[in-house]
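Read through the structure below, which is laid out as structure tokens, and then see the notes.
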Amino acid sequence: MKNDLTVTFFSNFLLHHQTPFCEAMVKRLGKNFKFVATEKIPQERLDMGYRDLSHETDYAVNSYEDEASYREAMRLGLESDVVIIGDAPDCFVEERLKGNKLTFRYWERFFKEGRWRILDPRVFRARYLHDIRYRKKNLYMLCASAYTAPDCRFIHAYPGKTYRWGYFPPVKTYDSIDGILQSKKKNTILWVARFLKLKHPEAPLSVAKRLRDEGYDFEMNFIGSGVLEGKIRAFIEQNNLSDRVHLLGTMPPEEVRRHMEESEIFLFTSDRNEGWGAVLNESMNSACAVVASGAIGSVPYLIRDGKNGLIYKNGNHKDLYQKVKGLLDHPEKREALGRAAYKTLTEVWNADTAAERFLELAEKIRQGKDSPFADGPCSKD
């Protein structure tokens, strides 16, 4: 692998979900890798415990800070051998694309509300300007959702040029996976998200009520806050679930991971509006037995149903309940799924693997070849 390749990654801001990949690239490319942040991190994120990491690294360029930083970002967009651009303005790559230089988009699904949105002239124009008009250019798509490639095919963009990708939050390697599994609190269920409609916090509550009514011994914890929190608290009180269901509030990412490590079952109940969902990476890495909605962008990539997790039909509370009930009935299944989930993250879906594969994919494309990978990051989707 050539280490003289220059690679620049553009995105809105740098969070802990992106730093592992960036650091893995720095490990391979040194000063030839840069991350360009194009806006300040929102105060809402800071209030949730996130840190603005672009001010804590020497590989980050904050294009919004001053004219010199903006000019440097524009130079990197034009002159780098390879550019990855996610949620960032196209001005940084317009001249690059005209010159047909190797560029990768990094995007979640296009039509979270449904593909009928393409009938809106404004939506069609945006997709045309951003994607369709470049279909014959040296432009490729890193799919941060299992539903990105089908959306690309729907609008005839990125023909044969879509690759599995995602988010790569920190992956822990434990001295003993057996020790982690044995230290988990028995019959514990965890849910982590903001209390928003798209996250469907009512789904695990319906499971908790039915489990309680059928005499199951369990503890369910919620981490997060949001506009639906009042309704969730009222439901817990009205149904006398406070001895089983606990709202723990918001907390820094490190504390969230500790709760994942202590929990046996993790529920991920978002709908199709969840682009990726990095809590899936984190909970699988924490050796949880995950039950997740199939509509979530990361789920079809990371979970092999029945092998390293369970997938339920989005919106089907009965299906969700039956899968959780099955895990409580069969502790050996919980352990097997948690063990396999941990292996998936530590061996395949992690930042080191992604960085290594990305550089190999870029070299293959520069040589007129295609991805050599059959599955996982950078495999053809």
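Here's how to read the names in the structure tokens: chain A, B, ... by the order shown, residue numbers from 1 in each chain, ligand numbers from 1 in the order shown.
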
DSSP strand (DSSP E or B) residues within stretch 283-316 of chain A, as a list of chain:residue names
A:Ala289, A:Val290, A:Val291, A:Ala292, A:Ser293, A:Asp305, A:Gly309, A:Leu310, A:Ile311, A:Tyr312

With only C-alpha atoms as the counted atoms, please give the residues lying no more than 12 Å from A:Asp305, apart from itself and same-chain residues fewer than 5 positions off, as a PyMOL selection string.
chain A and resi 289-294+299-300+310-313+323+337+340-341

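Nearest to A:Gly368 of all the residues A:Leu102, A:Leu142, A:Ile132, A:Ile85 is A:Leu102, counting only C-alpha atoms.
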
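The residue that comes closest to A:Met251, out of A:Asp381, A:Asp47, A:Glu23, A:Glu39 and on the basis of only C-alpha atoms, is A:Asp47.
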
Would you return as a ChimeraX atom specification the members of stretch 60-229 of chain A that DSSP assigns to helix (DSSP H, G or I) on this structure's backbone?
/A:67-79,90-92,94-98,115-119,121-130,132-134,148-154,177-183,197-199,202-213,229

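Of the listed residues A:Ser80, A:Asn316, A:Ser286, A:Asn12, the one whose atoms come nearest to A:Met260 is A:Ser286, with distances taken using only C-alpha atoms.
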
Where does stretch 234-320 of chain A meet stretch 146-151 of chain A within 12 Å, residue by residue, with the nearest atom pair and distance in Å to one decimal for each, counting only C-alpha atoms, listed by chain and rising number, as a tab-separated table?
```
residue	atom	partner	partner_atom	distance
A:Arg272	CA	A:Tyr147	CA	9.2
A:Asn273	CA	A:Tyr147	CA	11.0
A:Glu274	CA	A:Tyr147	CA	10.8
A:Gly275	CA	A:Tyr147	CA	8.7
A:Trp276	CA	A:Ala146	CA	8.5
A:Gly277	CA	A:Ala146	CA	11.6
A:Gly294	CA	A:Ala146	CA	10.0
A:Ala295	CA	A:Tyr147	CA	8.8
A:Ile296	CA	A:Ala146	CA	8.3
A:Gly297	CA	A:Ala146	CA	5.2
A:Ser298	CA	A:Ala146	CA	6.3
A:Val299	CA	A:Ala146	CA	7.6
A:Pro300	CA	A:Ala146	CA	6.1
A:Tyr301	CA	A:Ala146	CA	6.1
A:Leu302	CA	A:Ala146	CA	9.5
A:Ile303	CA	A:Ala146	CA	11.2
```

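Reported to one decimal place, the separation of atom CA of A:Ala278 from atom CA of A:Tyr167 is 6.4 Å.
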